[in-house]
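Quick notes on the structure that follows.
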Amino acid sequence: MRRLHGRQAIIVGAWLICASLFQIYTGGAGIFEPRLQRAIHVAFLLPVAFLLFPATKKSPKDRITIIDAILAILALVPVIFIAVESERLYLRFEFVTPVTNIEMALGLLNVLLLLEAVRRAVVPAMAALGAVSILYCFVGPYLPGVLHCRFLPFDRIIEMLYLLQDQGIYGTITGLSATFIALFIIFGAFIYVSGVGDFFTDVACKLAGKTTGGPAKIAVISSGFFGSISGVAAANVLATGTFTIPLMKRLGYRKRFAGAVEAAASTGGLIMPPIMGAAAFVMAEITKIPYIKICGAAAISAVLYYLSVGLMVHFEAVKQGLRGIDMKEVPPLRSILQNAYLLIPIIGLVYLLVIGYSPFMAAFVSILLAFATSFFRRKTRMTPRRILGALEMGGRNMVTVALACIGAGLIISVLTNTGLALALSSVIVSWSRGIFIFALFLVMVSSIILGMGLPCTPAYIIAVSVGGPALIAMGSDLLATHMFVYYFAILAAVTPPVAIAAYAAAAIAGSDPLMTGFTALKLAIAGFIIPYVFMYNPAVLLMGSVLEVFTSSLLLIAAIIFVASGLIGWLIEKVNILERVLLLAAGAALIVCNMYFPAGLNLVVLAATVSIMIALIVRRKRKCKSSKLQ
C-alpha cells in the first residue's frame, strides 16, 4: 500500500472519510434501494484501489501516477451509470430485455477494472480465478463431461456480471459488504483508535505475564481477543505481534516459534466469539441462522482451539526452561480496571445481538457507543483528529474486504449461471464414492486452497457454494457444513506453502517464513481436528443434550492434552519418541471415539482416560523426583 504525502494524502484521506461517513449515515437513516446502495459503496472504494495500491513492485510507493489517476476516474464511469440508471434497471426484465451497446461497453470496462483492482488490493490469485471463471463462460460449451456448460452470448455474460441485482458485481455479496460488513470494519477502526488493543494486551500481561513462558501466553490471549474484532489474521499479527514477538524473543523463545505462536493465535481470533470477523455475519445472512446461534455454536470449538495452542506454548516453555516477564512490565490491576470501560461497545454489541437487533443496526449503535465511551477518560478521548483518523482507517480497511467480496460475487455469478457449482458438487460426491469422510477431506482441501489465495470471507463464500451442496446432499447439517468450510478457509492462513499469517509473523520475527508456517500449522492442529469431530458429533456445536455436550467436550480436552504432549514432546518431563507416538495414538483414539461412540459409551471411555492420565502423571512425577534425588 502506498504511503502518500501532501495534497495527494489529503485528497485520498478525505475520500476515505466520506466513504465511512456514507456507511454510518445509511446505518442510522436507513439504506438506499439495494442497487443504488451497492453502486455508491463501489464508487467510493473501487477507484481508491488504483490510488493506494501500486501496479507493480517498481511503481512509485509514495505518489499516485498519472495512469493510476486515469484508471481511478475510469472506474467511476460504469458505477455512476448503475447509480443513475438504478430505477430503470430495477424495472427491466432480466435475461429478456436486450442489453444496449453502452451497457455492454461499460460492463466490460467495469469487469476489467475490477479484476485489476482485485489483483492490486487483494491478491493476484483471486484476480486470476475471476479471469478464469469468465473465460470458462466462453470455453465451457466446448469442454467434455461435467465441465460442459450451455452457450452464453457475450451480452448475457455482461448482463449477469454487471446488470443483475442479486448476482455479479452489484449482487447480494456486494450488498453484504455495502451494509453490515462495512459498518463492522468502521467499528473495528473506532475500537482500535480508542485503545482497546492495548487494553487486551494489558489484560493478557496481567493474566499470564508472570507464568512460565508468559510472553507467548500473552500473544495467545491478546490475539484471541483482538482477532475476534479485526477479522483478518494477518492484520491481527501486525497489530499485536509487534509487541509480543520481540518480547518472546527477548525472553528466550526461538524466532520461528515466536512467530508461529503469534500466527496461530491471531488466526484463531476469527473463530472466537463474540464477533468472529465479517465472514460469520455473512454466514448468518446466507444460512438465515441467527448470528447469536452461530456464536454459541462456535464457543466450545474456539475455547478448545486456544486450549490446544496454550498447552503447546506451556509445554515448550517448560521444556526450554523459559521464564515469565519481569514484574515491572506487568500493568497494575488498578490501571486495567480504570480502562475496563473500553469494553462497553463490545458488550453493547453482544447485548444488542442477543436481544434481536440486526447485525447492521447493532454495528451502528456500537460505533456510537465507542465514540461516547472514549470520553470517559482524557487519554482515550476521541478528538476531531482521532475521529478523522478512525474514519480514514475504516475506509482504508474497507477497500480490500469490499473488493474481495465484489470479486467473490463475480465468481459466484459464473458458478451459478453456468451450472459449474452443481457440477463440482457432483464431482465431490463422485470422487468420495459416497463416503462422507472422504467428501469432508475433499471439501477441506478445496477450502484451504481457496483460503491460501483469497481473504477468509470470499474464500468461505466460494468454497461453501461448491462444497456445501455436496455435503448437505449427503445428510450433513446446514450449520455444521458452513462451520466446517469456514474453519478451513481461516486455517489456510497458517497452512504452508502460502501461510499469509505465518509469513507476516515471520517478517516481524526475522525467521524463515516456510518453517514458521509449518510450526504454526503444528500449533493450530486442533483447528484441523475439531471440524471433523463436530461433523460427526454436533454436540460440539451445542446441538445435543447436556450429557452429550459435556462428554464430547471433556473427551476433546483429553485428546488435545495427549496430542499437544506428543507434538511438543513434554509431559511432566521430556518424553522419548516411542512415548510421543503413543500419546498421539491415544489422542487419535479419543477423537475417533468422540466421532462415532454414543454419549453413554463415551462416559466409560472418559473415565478410563482420566484414570490413565492420573496414573501416567503420578508415575512421571515419581520418576522425575527420583531422578532429581540421584
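In the C-alpha cells, chains take the letters A, B, ... in the order shown, each chain's residues start at 1, and ligands count up from 1 in the order shown.
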Extract, using only C-alpha atoms, all DNA, RNA and protein residues at most 6 Å from Ala260 (chain A), discarding same-chain residues fewer than 5 positions from it, and format them as a VMD selection string.
chain A and resid 516 519 to 520
Excluding same-chain residues fewer than 4 positions from Tyr357 (chain A), what lies within 12 Å of it counting only C-alpha atoms, as a ChimeraX atom specification?
/A:290-292,348-353,361-366
Can you check which parts of region 213-289 of chain A lie within 12 Å of region 320-335 of chain A? Per residue, the shortest pair of atoms and distance in Å to one decimal, counting only C-alpha atoms, sorted by chain and number, as CSV.
```
residue,atom,partner,partner_atom,distance
A:Gly213,CA,A:Gly324,CA,5.2
A:Gly214,CA,A:Gly324,CA,4.4
A:Pro215,CA,A:Gly324,CA,6.6
A:Ala216,CA,A:Gly324,CA,9.1
A:Lys217,CA,A:Gly324,CA,9.4
A:Ile218,CA,A:Ile325,CA,10.0
A:Thr244,CA,A:Ile325,CA,11.2
A:Leu247,CA,A:Ile325,CA,8.4
A:Met248,CA,A:Ile325,CA,9.2
A:Lys249,CA,A:Leu322,CA,10.7
A:Arg250,CA,A:Ile325,CA,9.7
A:Leu251,CA,A:Leu322,CA,7.0
A:Gly252,CA,A:Leu322,CA,6.3
A:Tyr253,CA,A:Leu322,CA,7.6
A:Arg254,CA,A:Gln320,CA,9.8
A:Phe257,CA,A:Gln320,CA,11.7
```
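For Val123 (chain A), the non-local neighbours within 10 Å, defined as residues at least 2 positions apart in the same chain or in other chains and counting only C-alpha atoms, are Ala117, Val118, Arg119, Arg120, Ala121, Ala125, Met126, Ala127, Ala128, Thr400, Ala404, Met452, Gly453, Leu454 and Pro455 of chain A.
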For the residues selected in the previous step, produce a file with all heavy atoms as a tab-separated table (two decimals), in the first residue's frame.
```tsv
chain	number	residue	atom	x	y	z
A	117	ALA	N	-8.16	-4.14	-10.05
A	117	ALA	CA	-8.19	-3.65	-8.67
A	117	ALA	C	-8.03	-4.79	-7.68
A	117	ALA	O	-7.31	-4.66	-6.68
A	117	ALA	CB	-9.50	-2.90	-8.41
A	118	VAL	N	-8.66	-5.92	-7.96
A	118	VAL	CA	-8.53	-7.10	-7.09
A	118	VAL	C	-7.09	-7.60	-7.12
A	118	VAL	O	-6.52	-7.98	-6.09
A	118	VAL	CB	-9.51	-8.21	-7.53
A	118	VAL	CG1	-9.18	-9.52	-6.84
A	118	VAL	CG2	-10.94	-7.80	-7.21
A	119	ARG	N	-6.48	-7.60	-8.30
A	119	ARG	CA	-5.07	-8.03	-8.41
A	119	ARG	C	-4.17	-7.18	-7.53
A	119	ARG	O	-3.27	-7.69	-6.86
A	119	ARG	CB	-4.61	-7.95	-9.86
A	119	ARG	CG	-3.20	-8.47	-10.10
A	119	ARG	CD	-2.69	-8.14	-11.49
A	119	ARG	NE	-2.44	-6.71	-11.66
A	119	ARG	CZ	-1.32	-6.09	-11.27
A	119	ARG	NH1	-0.36	-6.77	-10.67
A	119	ARG	NH2	-1.17	-4.80	-11.48
A	120	ARG	N	-4.42	-5.88	-7.51
A	120	ARG	CA	-3.58	-4.98	-6.74
A	120	ARG	C	-3.89	-5.04	-5.25
A	120	ARG	O	-2.97	-5.15	-4.42
A	120	ARG	CB	-3.78	-3.54	-7.22
A	120	ARG	CG	-3.32	-3.25	-8.64
A	120	ARG	CD	-3.43	-1.75	-8.87
A	120	ARG	NE	-3.14	-1.36	-10.25
A	120	ARG	CZ	-2.81	-0.13	-10.59
A	120	ARG	NH1	-2.74	0.82	-9.67
A	120	ARG	NH2	-2.56	0.17	-11.85
A	121	ALA	N	-5.16	-4.91	-4.89
A	121	ALA	CA	-5.54	-4.67	-3.50
A	121	ALA	C	-5.82	-5.94	-2.71
A	121	ALA	O	-5.72	-5.93	-1.48
A	121	ALA	CB	-6.77	-3.76	-3.45
A	125	ALA	N	-4.03	-14.04	-7.09
A	125	ALA	CA	-4.70	-15.33	-7.28
A	125	ALA	C	-6.20	-15.15	-7.46
A	125	ALA	O	-6.83	-15.86	-8.26
A	125	ALA	CB	-4.42	-16.24	-6.09
A	126	MET	N	-6.80	-14.21	-6.73
A	126	MET	CA	-8.24	-14.01	-6.86
A	126	MET	C	-8.58	-13.38	-8.20
A	126	MET	O	-9.59	-13.73	-8.83
A	126	MET	CB	-8.75	-13.13	-5.72
A	126	MET	CG	-10.27	-13.02	-5.72
A	126	MET	SD	-10.93	-12.20	-4.27
A	126	MET	CE	-12.68	-12.54	-4.50
A	127	ALA	N	-7.74	-12.45	-8.66
A	127	ALA	CA	-7.96	-11.86	-9.98
A	127	ALA	C	-7.85	-12.93	-11.06
A	127	ALA	O	-8.64	-12.96	-12.01
A	127	ALA	CB	-6.96	-10.74	-10.23
A	128	ALA	N	-6.88	-13.82	-10.91
A	128	ALA	CA	-6.71	-14.91	-11.87
A	128	ALA	C	-7.91	-15.84	-11.86
A	128	ALA	O	-8.39	-16.28	-12.92
A	128	ALA	CB	-5.43	-15.69	-11.55
A	400	THR	N	-9.93	-3.43	0.74
A	400	THR	CA	-9.55	-4.82	0.44
A	400	THR	C	-10.73	-5.77	0.64
A	400	THR	O	-11.00	-6.63	-0.20
A	400	THR	CB	-8.38	-5.25	1.33
A	400	THR	OG1	-7.26	-4.40	1.07
A	400	THR	CG2	-7.99	-6.69	1.06
A	404	ALA	N	-12.68	-7.81	-2.30
A	404	ALA	CA	-12.71	-9.28	-2.21
A	404	ALA	C	-14.14	-9.80	-2.32
A	404	ALA	O	-14.41	-10.79	-3.00
A	404	ALA	CB	-12.09	-9.72	-0.89
A	452	MET	N	-5.77	-20.06	0.76
A	452	MET	CA	-4.37	-19.68	0.59
A	452	MET	C	-4.25	-18.46	-0.33
A	452	MET	O	-3.35	-17.64	-0.16
A	452	MET	CB	-3.57	-20.84	-0.01
A	452	MET	CG	-3.28	-21.96	0.95
A	452	MET	SD	-2.33	-23.27	0.14
A	452	MET	CE	-2.14	-24.45	1.48
A	453	GLY	N	-5.14	-18.37	-1.30
A	453	GLY	CA	-5.03	-17.29	-2.26
A	453	GLY	C	-5.98	-16.14	-2.03
A	453	GLY	O	-5.82	-15.08	-2.62
A	454	LEU	N	-7.01	-16.35	-1.19
A	454	LEU	CA	-8.04	-15.33	-1.01
A	454	LEU	C	-8.18	-14.97	0.47
A	454	LEU	O	-7.84	-15.77	1.34
A	454	LEU	CB	-9.39	-15.85	-1.51
A	454	LEU	CG	-9.46	-16.46	-2.90
A	454	LEU	CD1	-10.88	-16.91	-3.21
A	454	LEU	CD2	-8.99	-15.48	-3.95
A	455	PRO	N	-8.71	-13.79	0.77
A	455	PRO	CA	-9.08	-13.49	2.15
A	455	PRO	C	-10.16	-14.46	2.64
A	455	PRO	O	-10.86	-15.08	1.83
A	455	PRO	CB	-9.62	-12.05	2.06
A	455	PRO	CG	-9.02	-11.49	0.82
A	455	PRO	CD	-8.90	-12.64	-0.12
```
Residues near region 23-40 of chain A, anyone? I mean within 10 Å using only C-alpha atoms, not counting same-chain ones fewer than 4 positions away, as a ChimeraX atom specification.
/A:18-19,44-45,76,78-87,89-90,163-166,169-183,186-187,360-365,367-368,391,395,406
Show me, as number ranges by chain, the residues that have an atom within 8 Å of region 480-494 of chain A when counting only C-alpha atoms, minus same-chain residues fewer than 4 positions from it.
A: 233-234, 263-264, 267, 270-271, 279, 283, 443-444, 447-452, 456, 459-460, 463-464, 468, 471-472, 476, 498-502, 517-518, 520-521, 524, 527-528, 531-532, 534-535, 538, 541
Which residues are near region 67-75 of chain A? Cut-off 12 Å, only C-alpha atoms, ignore same chain within fewer than 2 positions. Put them as an mmCIF file with N, CA, C and O atoms, in the first residue's frame.
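Once everything was written out, this is out11.cif:
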```cif
data_model
loop_
_atom_site.group_PDB
_atom_site.id
_atom_site.type_symbol
_atom_site.label_atom_id
_atom_site.label_comp_id
_atom_site.auth_asym_id
_atom_site.auth_seq_id
_atom_site.Cartn_x
_atom_site.Cartn_y
_atom_site.Cartn_z
ATOM 1 N N GLN A 8 -1.903 14.863 -2.167
ATOM 2 C CA GLN A 8 -2.477 13.567 -2.539
ATOM 3 C C GLN A 8 -3.002 12.814 -1.322
ATOM 4 O O GLN A 8 -4.087 12.225 -1.358
ATOM 5 N N VAL A 12 -7.021 11.728 -0.893
ATOM 6 C CA VAL A 12 -7.408 10.324 -0.715
ATOM 7 C C VAL A 12 -7.988 10.108 0.681
ATOM 8 O O VAL A 12 -8.995 9.399 0.844
ATOM 9 N N ALA A 39 -23.942 0.503 -5.531
ATOM 10 C CA ALA A 39 -23.208 1.302 -6.508
ATOM 11 C C ALA A 39 -22.411 2.408 -5.827
ATOM 12 O O ALA A 39 -21.244 2.654 -6.168
ATOM 13 N N VAL A 42 -19.420 0.853 -4.090
ATOM 14 C CA VAL A 42 -18.366 0.519 -5.048
ATOM 15 C C VAL A 42 -17.700 1.790 -5.574
ATOM 16 O O VAL A 42 -16.478 1.836 -5.760
ATOM 17 N N ALA A 43 -18.495 2.834 -5.801
ATOM 18 C CA ALA A 43 -17.942 4.089 -6.329
ATOM 19 C C ALA A 43 -16.919 4.693 -5.377
ATOM 20 O O ALA A 43 -15.933 5.300 -5.811
ATOM 21 N N PHE A 44 -17.134 4.555 -4.096
ATOM 22 C CA PHE A 44 -16.179 5.073 -3.118
ATOM 23 C C PHE A 44 -14.889 4.247 -3.075
ATOM 24 O O PHE A 44 -13.800 4.804 -2.907
ATOM 25 N N LEU A 45 -15.004 2.916 -3.228
ATOM 26 C CA LEU A 45 -13.866 2.048 -2.915
ATOM 27 C C LEU A 45 -13.104 1.526 -4.124
ATOM 28 O O LEU A 45 -11.895 1.313 -4.044
ATOM 29 N N LEU A 46 -13.769 1.294 -5.250
ATOM 30 C CA LEU A 46 -13.070 0.765 -6.424
ATOM 31 C C LEU A 46 -11.987 1.721 -6.940
ATOM 32 O O LEU A 46 -10.850 1.290 -7.171
ATOM 33 N N PRO A 47 -12.260 3.025 -7.104
ATOM 34 C CA PRO A 47 -11.202 3.917 -7.589
ATOM 35 C C PRO A 47 -10.001 4.014 -6.647
ATOM 36 O O PRO A 47 -8.860 4.174 -7.090
ATOM 37 N N VAL A 48 -10.255 3.895 -5.338
ATOM 38 C CA VAL A 48 -9.176 4.033 -4.361
ATOM 39 C C VAL A 48 -8.132 2.937 -4.525
ATOM 40 O O VAL A 48 -6.956 3.133 -4.211
ATOM 41 N N ALA A 49 -8.559 1.769 -5.016
ATOM 42 C CA ALA A 49 -7.607 0.672 -5.201
ATOM 43 C C ALA A 49 -6.467 1.081 -6.131
ATOM 44 O O ALA A 49 -5.315 0.678 -5.936
ATOM 45 N N PHE A 50 -6.753 1.896 -7.145
ATOM 46 C CA PHE A 50 -5.723 2.328 -8.086
ATOM 47 C C PHE A 50 -4.849 3.446 -7.504
ATOM 48 O O PHE A 50 -3.718 3.640 -7.939
ATOM 49 N N LEU A 51 -5.389 4.145 -6.518
ATOM 50 C CA LEU A 51 -4.640 5.241 -5.906
ATOM 51 C C LEU A 51 -3.736 4.762 -4.775
ATOM 52 O O LEU A 51 -2.640 5.293 -4.583
ATOM 53 N N LEU A 52 -4.193 3.759 -4.028
ATOM 54 C CA LEU A 52 -3.447 3.297 -2.855
ATOM 55 C C LEU A 52 -2.517 2.121 -3.141
ATOM 56 O O LEU A 52 -1.535 1.924 -2.421
ATOM 57 N N PHE A 53 -2.834 1.341 -4.157
ATOM 58 C CA PHE A 53 -2.051 0.127 -4.406
ATOM 59 C C PHE A 53 -1.323 0.243 -5.748
ATOM 60 O O PHE A 53 -1.959 0.366 -6.796
ATOM 61 N N PRO A 54 0.011 0.212 -5.732
ATOM 62 C CA PRO A 54 0.773 0.341 -6.979
ATOM 63 C C PRO A 54 0.571 -0.853 -7.899
ATOM 64 O O PRO A 54 0.260 -1.957 -7.443
ATOM 65 N N ALA A 55 0.769 -0.629 -9.192
ATOM 66 C CA ALA A 55 0.532 -1.680 -10.183
ATOM 67 C C ALA A 55 1.579 -2.780 -10.104
ATOM 68 O O ALA A 55 1.262 -3.965 -10.240
ATOM 69 N N THR A 56 2.838 -2.409 -9.898
ATOM 70 C CA THR A 56 3.926 -3.386 -9.827
ATOM 71 C C THR A 56 4.861 -3.017 -8.681
ATOM 72 O O THR A 56 4.719 -1.951 -8.059
ATOM 73 N N SER A 59 6.581 0.278 -9.292
ATOM 74 C CA SER A 59 5.777 1.503 -9.328
ATOM 75 C C SER A 59 6.072 2.366 -8.112
ATOM 76 O O SER A 59 6.457 1.845 -7.052
ATOM 77 N N PRO A 60 5.897 3.674 -8.217
ATOM 78 C CA PRO A 60 6.138 4.563 -7.068
ATOM 79 C C PRO A 60 5.289 4.181 -5.865
ATOM 80 O O PRO A 60 4.105 3.877 -6.002
ATOM 81 N N ARG A 63 3.631 8.157 -4.296
ATOM 82 C CA ARG A 63 2.833 9.114 -5.075
ATOM 83 C C ARG A 63 1.962 8.362 -6.072
ATOM 84 O O ARG A 63 2.231 7.209 -6.423
ATOM 85 N N ILE A 64 0.904 9.032 -6.514
ATOM 86 C CA ILE A 64 -0.031 8.457 -7.486
ATOM 87 C C ILE A 64 0.458 8.806 -8.892
ATOM 88 O O ILE A 64 0.747 9.969 -9.182
ATOM 89 N N THR A 65 0.535 7.813 -9.755
ATOM 90 C CA THR A 65 0.957 8.064 -11.131
ATOM 91 C C THR A 65 -0.226 8.571 -11.963
ATOM 92 O O THR A 65 -1.389 8.417 -11.583
ATOM 93 N N VAL A 77 -16.899 5.644 -13.938
ATOM 94 C CA VAL A 77 -17.880 5.816 -15.025
ATOM 95 C C VAL A 77 -18.946 4.718 -15.027
ATOM 96 O O VAL A 77 -20.146 5.023 -14.976
ATOM 97 N N PRO A 78 -18.575 3.412 -15.076
ATOM 98 C CA PRO A 78 -19.625 2.384 -15.085
ATOM 99 C C PRO A 78 -20.423 2.326 -13.788
ATOM 100 O O PRO A 78 -21.599 1.948 -13.809
ATOM 101 N N VAL A 79 -19.819 2.724 -12.678
ATOM 102 C CA VAL A 79 -20.528 2.700 -11.398
ATOM 103 C C VAL A 79 -21.552 3.832 -11.349
ATOM 104 O O VAL A 79 -22.693 3.646 -10.876
ATOM 105 N N ILE A 80 -21.172 5.003 -11.819
ATOM 106 C CA ILE A 80 -22.104 6.132 -11.864
ATOM 107 C C ILE A 80 -23.303 5.801 -12.753
ATOM 108 O O ILE A 80 -24.451 6.152 -12.444
ATOM 109 N N PHE A 81 -23.052 5.093 -13.865
ATOM 110 C CA PHE A 81 -24.148 4.684 -14.755
ATOM 111 C C PHE A 81 -25.148 3.812 -13.996
ATOM 112 O O PHE A 81 -26.365 3.997 -14.120
ATOM 113 N N LEU A 106 -19.746 -0.427 -20.939
ATOM 114 C CA LEU A 106 -19.489 -0.073 -19.541
ATOM 115 C C LEU A 106 -19.323 -1.319 -18.678
ATOM 116 O O LEU A 106 -18.510 -1.336 -17.748
ATOM 117 N N GLY A 107 -20.092 -2.351 -18.966
ATOM 118 C CA GLY A 107 -19.963 -3.601 -18.215
ATOM 119 C C GLY A 107 -18.604 -4.231 -18.395
ATOM 120 O O GLY A 107 -17.973 -4.692 -17.433
ATOM 121 N N LEU A 108 -18.125 -4.263 -19.656
ATOM 122 C CA LEU A 108 -16.789 -4.806 -19.925
ATOM 123 C C LEU A 108 -15.723 -3.984 -19.209
ATOM 124 O O LEU A 108 -14.793 -4.551 -18.604
ATOM 125 N N LEU A 109 -15.858 -2.663 -19.254
ATOM 126 C CA LEU A 109 -14.909 -1.784 -18.555
ATOM 127 C C LEU A 109 -14.930 -2.049 -17.058
ATOM 128 O O LEU A 109 -13.867 -2.139 -16.416
ATOM 129 N N ASN A 110 -16.123 -2.212 -16.493
ATOM 130 C CA ASN A 110 -16.248 -2.461 -15.056
ATOM 131 C C ASN A 110 -15.584 -3.775 -14.660
ATOM 132 O O ASN A 110 -14.856 -3.853 -13.656
ATOM 133 N N VAL A 111 -15.794 -4.820 -15.453
ATOM 134 C CA VAL A 111 -15.212 -6.131 -15.149
ATOM 135 C C VAL A 111 -13.687 -6.075 -15.215
ATOM 136 O O VAL A 111 -12.988 -6.566 -14.308
ATOM 137 N N LEU A 112 -13.158 -5.470 -16.266
ATOM 138 C CA LEU A 112 -11.706 -5.408 -16.430
ATOM 139 C C LEU A 112 -11.043 -4.602 -15.310
ATOM 140 O O LEU A 112 -10.009 -5.015 -14.756
ATOM 141 N N LEU A 113 -11.633 -3.452 -14.965
ATOM 142 C CA LEU A 113 -11.062 -2.624 -13.904
ATOM 143 C C LEU A 113 -11.192 -3.298 -12.544
ATOM 144 O O LEU A 113 -10.311 -3.170 -11.697
ATOM 145 N N LEU A 114 -12.282 -4.024 -12.339
ATOM 146 C CA LEU A 114 -12.436 -4.756 -11.076
ATOM 147 C C LEU A 114 -11.363 -5.818 -10.931
ATOM 148 O O LEU A 114 -10.743 -5.958 -9.868
ATOM 149 N N LEU A 115 -11.104 -6.584 -11.988
ATOM 150 C CA LEU A 115 -10.078 -7.623 -11.924
ATOM 151 C C LEU A 115 -8.700 -7.014 -11.639
ATOM 152 O O LEU A 115 -7.920 -7.570 -10.860
ATOM 153 N N GLU A 116 -8.407 -5.869 -12.255
ATOM 154 C CA GLU A 116 -7.123 -5.217 -11.998
ATOM 155 C C GLU A 116 -7.054 -4.695 -10.560
ATOM 156 O O GLU A 116 -6.016 -4.802 -9.896
ATOM 157 N N ALA A 117 -8.160 -4.141 -10.053
ATOM 158 C CA ALA A 117 -8.192 -3.645 -8.672
ATOM 159 C C ALA A 117 -8.026 -4.787 -7.680
ATOM 160 O O ALA A 117 -7.309 -4.661 -6.675
ATOM 161 N N ARG A 120 -4.420 -5.883 -7.515
ATOM 162 C CA ARG A 120 -3.576 -4.981 -6.743
ATOM 163 C C ARG A 120 -3.887 -5.038 -5.245
ATOM 164 O O ARG A 120 -2.971 -5.149 -4.421
#
```
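In this comparison, which uses only C-alpha atoms, the residue of A:Ala239, A:Ile437, A:Leu555, A:Leu571 approaching Tyr536 (chain A) most closely is A:Ile437.
Shortest separation to Cys593 (chain A) among A:Thr380, A:Ser223, A:Ser552, A:Thr418 occurs at residue A:Ser552, atoms counted being only C-alpha atoms.
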Would you pick out the contacts of region 306-316 of chain A at 6 Å or less, using only C-alpha atoms, so that residues sharing its chain but fewer than 6 positions from it are not included, and give the list as a short mmCIF file (atom, residue, chain, number, x, y, z; two decimals) with C-alpha atoms, in the first residue's frame?
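Below you can see out.cif, which holds the result:
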```cif
data_model
loop_
_atom_site.label_atom_id
_atom_site.label_comp_id
_atom_site.auth_asym_id
_atom_site.auth_seq_id
_atom_site.Cartn_x
_atom_site.Cartn_y
_atom_site.Cartn_z
CA LEU A 523 0.34 -25.25 16.97
CA ILE A 560 -5.91 -32.24 22.97
CA ALA A 564 -0.14 -31.43 22.47
CA TRP A 570 6.74 -32.97 27.08
#
```
Please give the complete set of residues from region 264-487 of chain A that DSSP, run on the backbone, assigns to helix (DSSP H, G or I), formatted as an MDAnalysis selection string.
chainID A and resid 264:271 277:287 291:320 327:329 333:338 340:354 359:376 378:380 384:418 420:432 436:453 456:473 478:487
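Minimum distance to Asp198 (chain A) across A:Gly241, A:Gly419, A:Gly569, A:Pro124 (counting only C-alpha atoms) occurs at A:Gly241.
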To one decimal in Å, tell me the separation between CA of Ile557 (chain A) and CA of Leu603 (chain A).
13.6 Å
